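data.pdb (PDB, C-alpha atoms and all ligand atoms)
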ATOM      1  CA  MET A   1     -88.463 -33.849-123.008  1.00  0.00           C
ATOM      2  CA  GLN A   2     -85.006 -34.094-124.654  1.00  0.00           C
ATOM      3  CA  LYS A   3     -82.645 -36.064-122.410  1.00  0.00           C
ATOM      4  CA  ALA A   4     -78.954 -35.220-122.095  1.00  0.00           C
ATOM      5  CA  VAL A   5     -77.060 -37.881-124.059  1.00  0.00           C
ATOM      6  CA  VAL A   6     -73.455 -38.404-122.973  1.00  0.00           C
ATOM      7  CA  SER A   7     -72.459 -41.049-125.543  1.00  0.00           C
ATOM      8  CA  ARG A   8     -73.833 -43.770-127.813  1.00  0.00           C
ATOM      9  CA  ILE A   9     -72.781 -47.413-127.987  1.00  0.00           C
ATOM     10  CA  GLY A  10     -74.471 -48.924-131.010  1.00  0.00           C
ATOM     11  CA  GLN A  11     -78.211 -48.578-130.361  1.00  0.00           C
ATOM     12  CA  TYR A  12     -77.664 -47.784-126.686  1.00  0.00           C
ATOM     13  CA  GLU A  13     -77.632 -44.257-125.292  1.00  0.00           C
ATOM     14  CA  ILE A  14     -75.650 -43.332-122.206  1.00  0.00           C
ATOM     15  CA  ARG A  15     -77.389 -40.291-120.767  1.00  0.00           C
ATOM     16  CA  LEU A  16     -77.884 -38.345-117.561  1.00  0.00           C
ATOM     17  CA  CYS A  17     -80.349 -39.956-115.152  1.00  0.00           C
ATOM     18  CA  ASP A  18     -83.709 -38.243-114.543  1.00  0.00           C
ATOM     19  CA  ARG A  19     -85.884 -38.521-111.431  1.00  0.00           C
ATOM     20  CA  GLU A  20     -88.343 -40.588-113.480  1.00  0.00           C
ATOM     21  CA  ASP A  21     -85.603 -43.172-114.220  1.00  0.00           C
ATOM     22  CA  ILE A  22     -85.102 -43.967-110.524  1.00  0.00           C
ATOM     23  CA  PRO A  23     -87.752 -46.748-110.322  1.00  0.00           C
ATOM     24  CA  ALA A  24     -86.004 -48.577-113.209  1.00  0.00           C
ATOM     25  CA  VAL A  25     -82.613 -48.036-111.580  1.00  0.00           C
ATOM     26  CA  ILE A  26     -83.932 -49.499-108.304  1.00  0.00           C
ATOM     27  CA  GLU A  27     -85.290 -52.508-110.201  1.00  0.00           C
ATOM     28  CA  ILE A  28     -81.958 -53.144-111.954  1.00  0.00           C
ATOM     29  CA  ASN A  29     -80.152 -52.854-108.632  1.00  0.00           C
ATOM     30  CA  ALA A  30     -82.552 -55.344-107.002  1.00  0.00           C
ATOM     31  CA  GLU A  31     -82.067 -57.797-109.869  1.00  0.00           C
ATOM     32  CA  THR A  32     -78.293 -57.608-110.164  1.00  0.00           C
ATOM     33  CA  LEU A  33     -76.670 -56.748-106.829  1.00  0.00           C
ATOM     34  CA  PRO A  34     -76.971 -57.846-103.211  1.00  0.00           C
ATOM     35  CA  GLU A  35     -76.473 -54.264-101.950  1.00  0.00           C
ATOM     36  CA  HIS A  36     -79.723 -52.314-101.904  1.00  0.00           C
ATOM     37  CA  TYR A  37     -80.510 -48.794-100.747  1.00  0.00           C
ATOM     38  CA  SER A  38     -83.576 -46.882 -99.663  1.00  0.00           C
ATOM     39  CA  ASP A  39     -85.444 -45.026-102.451  1.00  0.00           C
ATOM     40  CA  TYR A  40     -84.480 -41.801-100.713  1.00  0.00           C
ATOM     41  CA  PHE A  41     -80.752 -42.588-101.166  1.00  0.00           C
ATOM     42  CA  TYR A  42     -81.060 -42.732-104.982  1.00  0.00           C
ATOM     43  CA  PHE A  43     -82.968 -39.437-105.133  1.00  0.00           C
ATOM     44  CA  GLU A  44     -80.444 -37.814-102.781  1.00  0.00           C
ATOM     45  CA  ILE A  45     -77.457 -38.880-104.902  1.00  0.00           C
ATOM     46  CA  LEU A  46     -79.224 -37.701-108.057  1.00  0.00           C
ATOM     47  CA  ALA A  47     -80.067 -34.319-106.509  1.00  0.00           C
ATOM     48  CA  GLU A  48     -76.532 -33.796-105.251  1.00  0.00           C
ATOM     49  CA  PHE A  49     -74.507 -35.320-108.116  1.00  0.00           C
ATOM     50  CA  PRO A  50     -76.626 -35.093-111.286  1.00  0.00           C
ATOM     51  CA  ASP A  51     -73.562 -35.006-113.596  1.00  0.00           C
ATOM     52  CA  THR A  52     -72.252 -38.382-112.476  1.00  0.00           C
ATOM     53  CA  PHE A  53     -75.480 -40.395-112.226  1.00  0.00           C
ATOM     54  CA  LEU A  54     -75.962 -41.949-115.664  1.00  0.00           C
ATOM     55  CA  VAL A  55     -78.223 -44.527-117.232  1.00  0.00           C
ATOM     56  CA  ALA A  56     -77.939 -46.686-120.358  1.00  0.00           C
ATOM     57  CA  GLU A  57     -81.118 -46.808-122.412  1.00  0.00           C
ATOM     58  CA  LEU A  58     -82.213 -48.972-125.329  1.00  0.00           C
ATOM     59  CA  GLY A  59     -85.441 -48.071-127.118  1.00  0.00           C
ATOM     60  CA  GLY A  60     -86.876 -46.255-124.102  1.00  0.00           C
ATOM     61  CA  LYS A  61     -85.902 -48.963-121.576  1.00  0.00           C
ATOM     62  CA  VAL A  62     -83.243 -48.346-118.930  1.00  0.00           C
ATOM     63  CA  VAL A  63     -80.846 -51.333-118.929  1.00  0.00           C
ATOM     64  CA  GLY A  64     -77.980 -50.077-116.772  1.00  0.00           C
ATOM     65  CA  TYR A  65     -76.836 -47.296-114.479  1.00  0.00           C
ATOM     66  CA  VAL A  66     -73.881 -45.866-112.625  1.00  0.00           C
ATOM     67  CA  MET A  67     -74.219 -43.632-109.594  1.00  0.00           C
ATOM     68  CA  CYS A  68     -71.195 -41.765-108.504  1.00  0.00           C
ATOM     69  CA  ARG A  69     -70.567 -39.313-105.700  1.00  0.00           C
ATOM     70  CA  ILE A  70     -67.894 -36.609-105.714  1.00  0.00           C
ATOM     71  CA  GLU A  71     -65.895 -36.483-102.498  1.00  0.00           C
ATOM     72  CA  TYR A  72     -62.872 -34.670-101.144  1.00  0.00           C
ATOM     73  CA  GLY A  73     -60.423 -36.600 -99.015  1.00  0.00           C
ATOM     74  CA  PHE A  74     -57.283 -38.683 -98.952  1.00  0.00           C
ATOM     75  CA  SER A  75     -56.020 -39.710-102.365  1.00  0.00           C
ATOM     76  CA  HIS A  76     -56.249 -43.365-103.367  1.00  0.00           C
ATOM     77  CA  VAL A  77     -53.753 -42.848-106.166  1.00  0.00           C
ATOM     78  CA  LYS A  78     -50.993 -40.660-104.734  1.00  0.00           C
ATOM     79  CA  ARG A  79     -49.065 -41.909-101.721  1.00  0.00           C
ATOM     80  CA  LEU A  80     -49.815 -38.749 -99.779  1.00  0.00           C
ATOM     81  CA  GLY A  81     -52.163 -35.816-100.110  1.00  0.00           C
ATOM     82  CA  LEU A  82     -55.766 -34.937-100.724  1.00  0.00           C
ATOM     83  CA  ALA A  83     -57.845 -35.184-103.858  1.00  0.00           C
ATOM     84  CA  ARG A  84     -61.273 -34.496-105.303  1.00  0.00           C
ATOM     85  CA  LYS A  85     -62.432 -37.948-106.309  1.00  0.00           C
ATOM     86  CA  GLY A  86     -65.340 -39.713-107.919  1.00  0.00           C
ATOM     87  CA  HIS A  87     -66.690 -42.570-105.828  1.00  0.00           C
ATOM     88  CA  VAL A  88     -68.606 -45.174-107.844  1.00  0.00           C
ATOM     89  CA  VAL A  89     -71.310 -46.083-105.335  1.00  0.00           C
ATOM     90  CA  SER A  90     -73.063 -48.582-107.601  1.00  0.00           C
ATOM     91  CA  ILE A  91     -72.953 -49.767-111.223  1.00  0.00           C
ATOM     92  CA  ALA A  92     -74.963 -52.469-112.926  1.00  0.00           C
ATOM     93  CA  VAL A  93     -76.116 -53.597-116.357  1.00  0.00           C
ATOM     94  CA  LEU A  94     -78.959 -56.063-116.891  1.00  0.00           C
ATOM     95  CA  GLU A  95     -77.511 -59.481-117.712  1.00  0.00           C
ATOM     96  CA  ALA A  96     -78.998 -59.636-121.228  1.00  0.00           C
ATOM     97  CA  HIS A  97     -77.135 -56.453-122.180  1.00  0.00           C
ATOM     98  CA  ARG A  98     -73.675 -57.212-120.755  1.00  0.00           C
ATOM     99  CA  GLY A  99     -70.433 -57.634-122.719  1.00  0.00           C
ATOM    100  CA  LYS A 100     -71.338 -54.897-125.209  1.00  0.00           C
ATOM    101  CA  GLY A 101     -69.354 -52.061-123.724  1.00  0.00           C
ATOM    102  CA  ILE A 102     -72.165 -50.493-121.692  1.00  0.00           C
ATOM    103  CA  GLY A 103     -70.359 -50.879-118.342  1.00  0.00           C
ATOM    104  CA  THR A 104     -67.317 -49.275-119.947  1.00  0.00           C
ATOM    105  CA  GLY A 105     -69.451 -46.445-121.373  1.00  0.00           C
ATOM    106  CA  LEU A 106     -71.069 -45.786-117.991  1.00  0.00           C
ATOM    107  CA  ILE A 107     -67.712 -45.641-116.191  1.00  0.00           C
ATOM    108  CA  ARG A 108     -66.153 -43.413-118.857  1.00  0.00           C
ATOM    109  CA  GLY A 109     -69.205 -41.115-118.719  1.00  0.00           C
ATOM    110  CA  ALA A 110     -68.984 -40.890-114.925  1.00  0.00           C
ATOM    111  CA  GLU A 111     -65.249 -40.141-115.180  1.00  0.00           C
ATOM    112  CA  GLU A 112     -65.975 -37.281-117.596  1.00  0.00           C
ATOM    113  CA  GLY A 113     -68.570 -35.883-115.188  1.00  0.00           C
ATOM    114  CA  VAL A 114     -66.107 -36.080-112.290  1.00  0.00           C
ATOM    115  CA  ALA A 115     -63.342 -34.439-114.351  1.00  0.00           C
ATOM    116  CA  ARG A 116     -65.723 -31.582-115.298  1.00  0.00           C
ATOM    117  CA  LYS A 117     -66.194 -31.000-111.560  1.00  0.00           C
ATOM    118  CA  SER A 118     -62.398 -30.824-111.104  1.00  0.00           C
ATOM    119  CA  GLY A 119     -62.037 -34.380-109.842  1.00  0.00           C
ATOM    120  CA  THR A 120     -58.662 -35.959-110.520  1.00  0.00           C
ATOM    121  CA  GLU A 121     -59.265 -39.564-109.566  1.00  0.00           C
ATOM    122  CA  MET A 122     -61.897 -42.276-109.273  1.00  0.00           C
ATOM    123  CA  TYR A 123     -62.292 -45.059-106.765  1.00  0.00           C
ATOM    124  CA  LEU A 124     -64.696 -47.891-106.023  1.00  0.00           C
ATOM    125  CA  GLU A 125     -65.173 -50.941-103.855  1.00  0.00           C
ATOM    126  CA  VAL A 126     -65.747 -54.318-105.450  1.00  0.00           C
ATOM    127  CA  ARG A 127     -66.299 -57.768-103.953  1.00  0.00           C
ATOM    128  CA  VAL A 128     -63.029 -59.729-104.045  1.00  0.00           C
ATOM    129  CA  LYS A 129     -64.884 -62.610-105.731  1.00  0.00           C
ATOM    130  CA  ASN A 130     -66.428 -60.393-108.450  1.00  0.00           C
ATOM    131  CA  THR A 131     -63.714 -61.307-110.931  1.00  0.00           C
ATOM    132  CA  SER A 132     -65.569 -60.099-114.032  1.00  0.00           C
ATOM    133  CA  ALA A 133     -66.056 -56.611-112.594  1.00  0.00           C
ATOM    134  CA  ILE A 134     -62.450 -56.540-111.319  1.00  0.00           C
ATOM    135  CA  SER A 135     -61.071 -57.477-114.748  1.00  0.00           C
ATOM    136  CA  LEU A 136     -63.232 -54.807-116.391  1.00  0.00           C
ATOM    137  CA  TYR A 137     -61.930 -52.144-113.982  1.00  0.00           C
ATOM    138  CA  GLU A 138     -58.343 -53.308-114.580  1.00  0.00           C
ATOM    139  CA  MET A 139     -58.905 -53.008-118.314  1.00  0.00           C
ATOM    140  CA  LEU A 140     -60.081 -49.422-117.694  1.00  0.00           C
ATOM    141  CA  GLY A 141     -56.889 -48.593-115.797  1.00  0.00           C
ATOM    142  CA  TYR A 142     -58.055 -49.070-112.208  1.00  0.00           C
ATOM    143  CA  LYS A 143     -55.499 -50.544-109.811  1.00  0.00           C
ATOM    144  CA  PRO A 144     -55.996 -52.192-106.417  1.00  0.00           C
ATOM    145  CA  SER A 145     -55.310 -49.659-103.660  1.00  0.00           C
ATOM    146  CA  GLY A 146     -56.495 -51.486-100.565  1.00  0.00           C
ATOM    147  CA  ARG A 147     -58.637 -54.244 -99.152  1.00  0.00           C
ATOM    148  CA  MET A 148     -61.368 -54.037 -96.528  1.00  0.00           C
ATOM    149  CA  ASP A 149     -62.124 -57.283 -94.745  1.00  0.00           C
ATOM    150  CA  SER A 150     -65.769 -58.022 -93.870  1.00  0.00           C
ATOM    151  CA  TYR A 151     -66.850 -54.932 -95.819  1.00  0.00           C
ATOM    152  CA  TYR A 152     -70.107 -56.463 -97.038  1.00  0.00           C
ATOM    153  CA  ARG A 153     -72.962 -57.593 -94.803  1.00  0.00           C
ATOM    154  CA  ASP A 154     -72.372 -61.247 -95.681  1.00  0.00           C
ATOM    155  CA  GLY A 155     -68.745 -60.962 -94.556  1.00  0.00           C
ATOM    156  CA  GLU A 156     -67.080 -60.818 -97.984  1.00  0.00           C
ATOM    157  CA  ALA A 157     -64.079 -58.535 -98.328  1.00  0.00           C
ATOM    158  CA  ALA A 158     -63.936 -55.542-100.673  1.00  0.00           C
ATOM    159  CA  LEU A 159     -61.090 -54.655-102.957  1.00  0.00           C
ATOM    160  CA  LEU A 160     -60.605 -50.921-103.297  1.00  0.00           C
ATOM    161  CA  MET A 161     -59.619 -49.889-106.815  1.00  0.00           C
ATOM    162  CA  ALA A 162     -58.633 -46.444-108.042  1.00  0.00           C
ATOM    163  CA  ALA A 163     -57.502 -44.604-111.142  1.00  0.00           C
ATOM    164  CA  GLN A 164     -56.229 -41.153-112.028  1.00  0.00           C
ATOM    165  CA  ILE A 165     -58.430 -39.285-114.521  1.00  0.00           C
ATOM    166  CA  GLY A 166     -58.492 -36.159-116.647  1.00  0.00           C
ATOM    167  CA  GLN A 167     -54.866 -36.043-117.786  1.00  0.00           C
TER
HETATM  168  C1  LIG A 201     -69.771 -55.185-114.021  1.00  0.00           C
HETATM  169  C2  LIG A 201     -70.804 -54.849-115.099  1.00  0.00           C
HETATM  170  C3  LIG A 201     -71.451 -53.525-114.751  1.00  0.00           C
HETATM  171  C4  LIG A 201     -70.081 -54.723-116.452  1.00  0.00           C
HETATM  172  O1  LIG A 201     -71.043 -54.302-117.437  1.00  0.00           O
HETATM  173  P1  LIG A 201     -70.868 -54.679-119.002  1.00  0.00           P
HETATM  174  O2  LIG A 201     -71.828 -53.832-119.735  1.00  0.00           O
HETATM  175  O3  LIG A 201     -70.938 -56.129-119.203  1.00  0.00           O
HETATM  176  O4  LIG A 201     -69.381 -54.137-119.243  1.00  0.00           O
HETATM  177  P2  LIG A 201     -68.593 -54.109-120.636  1.00  0.00           P
HETATM  178  O5  LIG A 201     -69.407 -54.709-121.707  1.00  0.00           O
HETATM  179  O6  LIG A 201     -68.069 -52.738-120.826  1.00  0.00           O
HETATM  180  O7  LIG A 201     -67.349 -55.030-120.331  1.00  0.00           O
HETATM  181  C5  LIG A 201     -67.556 -56.370-119.935  1.00  0.00           C
HETATM  182  C6  LIG A 201     -66.777 -57.313-120.813  1.00  0.00           C
HETATM  183  O8  LIG A 201     -67.296 -57.272-122.137  1.00  0.00           O
HETATM  184  C7  LIG A 201     -66.235 -57.049-123.066  1.00  0.00           C
HETATM  185  N1  LIG A 201     -66.764 -56.177-124.117  1.00  0.00           N
HETATM  186  C8  LIG A 201     -66.881 -54.834-124.076  1.00  0.00           C
HETATM  187  N2  LIG A 201     -67.381 -54.381-125.239  1.00  0.00           N
HETATM  188  C9  LIG A 201     -67.610 -55.465-126.021  1.00  0.00           C
HETATM  189  C10 LIG A 201     -68.138 -55.652-127.319  1.00  0.00           C
HETATM  190  N3  LIG A 201     -68.521 -54.604-128.080  1.00  0.00           N
HETATM  191  N4  LIG A 201     -68.253 -56.915-127.777  1.00  0.00           N
HETATM  192  C11 LIG A 201     -67.874 -57.958-127.026  1.00  0.00           C
HETATM  193  N5  LIG A 201     -67.360 -57.842-125.775  1.00  0.00           N
HETATM  194  C12 LIG A 201     -67.217 -56.608-125.294  1.00  0.00           C
HETATM  195  C13 LIG A 201     -65.174 -56.349-122.273  1.00  0.00           C
HETATM  196  O9  LIG A 201     -63.894 -56.638-122.831  1.00  0.00           O
HETATM  197  C14 LIG A 201     -65.321 -56.983-120.930  1.00  0.00           C
HETATM  198  O10 LIG A 201     -64.606 -58.197-120.928  1.00  0.00           O
HETATM  199  P3  LIG A 201     -64.003 -58.815-119.593  1.00  0.00           P
HETATM  200  O11 LIG A 201     -65.162 -58.995-118.640  1.00  0.00           O
HETATM  201  O12 LIG A 201     -63.393 -60.067-120.045  1.00  0.00           O
HETATM  202  O13 LIG A 201     -63.028 -57.785-119.107  1.00  0.00           O
HETATM  203  C15 LIG A 201     -71.859 -55.981-115.239  1.00  0.00           C
HETATM  204  O14 LIG A 201     -71.189 -57.209-115.397  1.00  0.00           O
HETATM  205  C16 LIG A 201     -72.822 -56.092-114.074  1.00  0.00           C
HETATM  206  O15 LIG A 201     -73.822 -55.393-114.001  1.00  0.00           O
HETATM  207  N6  LIG A 201     -72.544 -56.990-113.106  1.00  0.00           N
HETATM  208  C17 LIG A 201     -73.438 -57.196-111.973  1.00  0.00           C
HETATM  209  C18 LIG A 201     -73.365 -56.045-111.029  1.00  0.00           C
HETATM  210  C19 LIG A 201     -71.938 -55.812-110.543  1.00  0.00           C
HETATM  211  O16 LIG A 201     -71.216 -56.746-110.250  1.00  0.00           O
HETATM  212  N7  LIG A 201     -71.560 -54.525-110.472  1.00  0.00           N
HETATM  213  C20 LIG A 201     -70.228 -54.147-110.055  1.00  0.00           C
HETATM  214  C21 LIG A 201     -70.208 -53.942-108.595  1.00  0.00           C
HETATM  215  S1  LIG A 201     -68.655 -53.233-108.077  1.00  0.00           S
END
For this file, produce the structure as structure tokens.
Amino acid sequence: MQKAVVSRIGQYEIRLCDREDIPAVIEINAETLPEHYSDYFYFEILAEFPDTFLVAELGGKVVGYVMCRIEYGFSHVKRLGLARKGHVVSIAVLEAHRGKGIGTGLIRGAEEGVARKSGTEMYLEVRVKNTSAISLYEMLGYKPSGRMDSYYRDGEAALLMAAQIGQ
């Protein structure tokens, strides 16, 4: 079956995630991040937000993913008011494939999906010690908009970062 390609980065394809990609996504998550979710959670997010759940593929192998929910609530960008916003729940790229622009491609693809659904901003939580991810988000225009102490199970704090999109 033809899969919906969102963009290409060299030999890599950024495309919409399919149900059959979920086992690979779960494996990448297990390998790269301390936060894991039940299988059901991945399928739920895919069923509800298929436009903002993307994978990066190289030669038939999934090497990265971003899953992003669309929410309505208080803005993280404006001082006051409500907004439709994309929430990056999880993003990861296998170590061997990092530093090639795939993380950037996944975020940009998710932003486009959120904008198509009338979202005007993006936000995410990142471990305060995850300096490489933080610098990538800064490069993409995300700014710190809050901090949540003891956010992660091991007690580490989260930095909340947000950006306006679709202008
Ligand atoms: C965060 C993460 C998803 C980034 O993925 P990535 O594919 O390496 O991201 P990119 O390649 O777009 O950008 C990473 C760096 O490579 C550089 N880069 C991008 N394209 C490049 C290219 N074509 N050639 C060389 N370097 C490049 C970027 O400038 C960036 O540099 P910086 O880290 O100094 O800012 C990845 O590091 C990862 O999976 N980490 C573990 C999981 C994690 O921490 N997830 C985030 C949780 S909030």
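Once range 32-35 of chain A and its same-chain neighbours fewer than 4 positions away are set aside, Val25, Ile26, Glu27, Ile28, Val63, Gly64, Tyr65, Val89, Ser90, Ile91, Ala92, Val93, Leu94, Glu95, Ala96, Arg98, Glu125, Val126, Arg127, Asn130, Tyr151, Tyr152, Arg153, Asp154 and Glu156 of chain A remain within 12 Å of it when counting all atoms listed in the file.
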Compile the contact shell of Tyr72 in chain A as a PyMOL selection string: residues with an atom at most 7 Å away, counting only C-alpha atoms, same-chain residues fewer than 2 positions apart removed.
chain A and resi 83-85
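Every residue within 9 Å of the file position (-53.2, -46.3, -108.6), judged by all atoms listed in the file, is given as His76, Val77, Lys78, Gly141, Tyr142, Lys143, Pro144, Ser145, Met161, Ala162, Ala163 and Gln164 of chain A.
CA of Ala115 in chain A to CA of Arg15 in chain A spans 16.5 Å [interatomic distance, one decimal].
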Expected selection from the PyMOL selection byres (((chain A and resi 57) around 12) and not hetatm), given as JSON, numbers by chain
{"A": [3, 4, 5, 6, 7, 8, 9, 10, 11, 12, 13, 14, 15, 16, 17, 18, 21, 24, 25, 54, 55, 56, 58, 59, 60, 61, 62, 63, 64, 65, 93, 94, 97, 102, 105, 106]}
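Our summary of the geometry notes that atom C15 of ligand LIG 201 (chain A) is positioned 14.7 Å from CA of Val128 in chain A.
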Å distance separating CA of Glu112 in chain A from CA of Thr131 in chain A, one decimal place
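Result for CA of Glu112 in chain A versus CA of Thr131 in chain A: 25.0 Å, one decimal.
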If you count all atoms listed in the file, which residues fall within 10 Å of Thr104 in chain A, apart from same-chain ones fewer than 6 positions away, as a ChimeraX atom specification?
/A:9,110,136-137,139-140
Taking all listed atoms of ligand LIG 201 (chain A), build the axis-aligned box, pad each of the six sides by 6 Å, then write its centre and edge lengths in Å to one decimal as JSON.
{"center_x": -68.4, "center_y": -56.4, "center_z": -118.1, "size_x": 22.8, "size_y": 19.3, "size_z": 32.0}
Distance criterion (all atoms listed in the file): nearest to Glu71 in chain A out of A:Gly119, A:Ile134, A:Ile107, A:Ala157:
A:Gly119
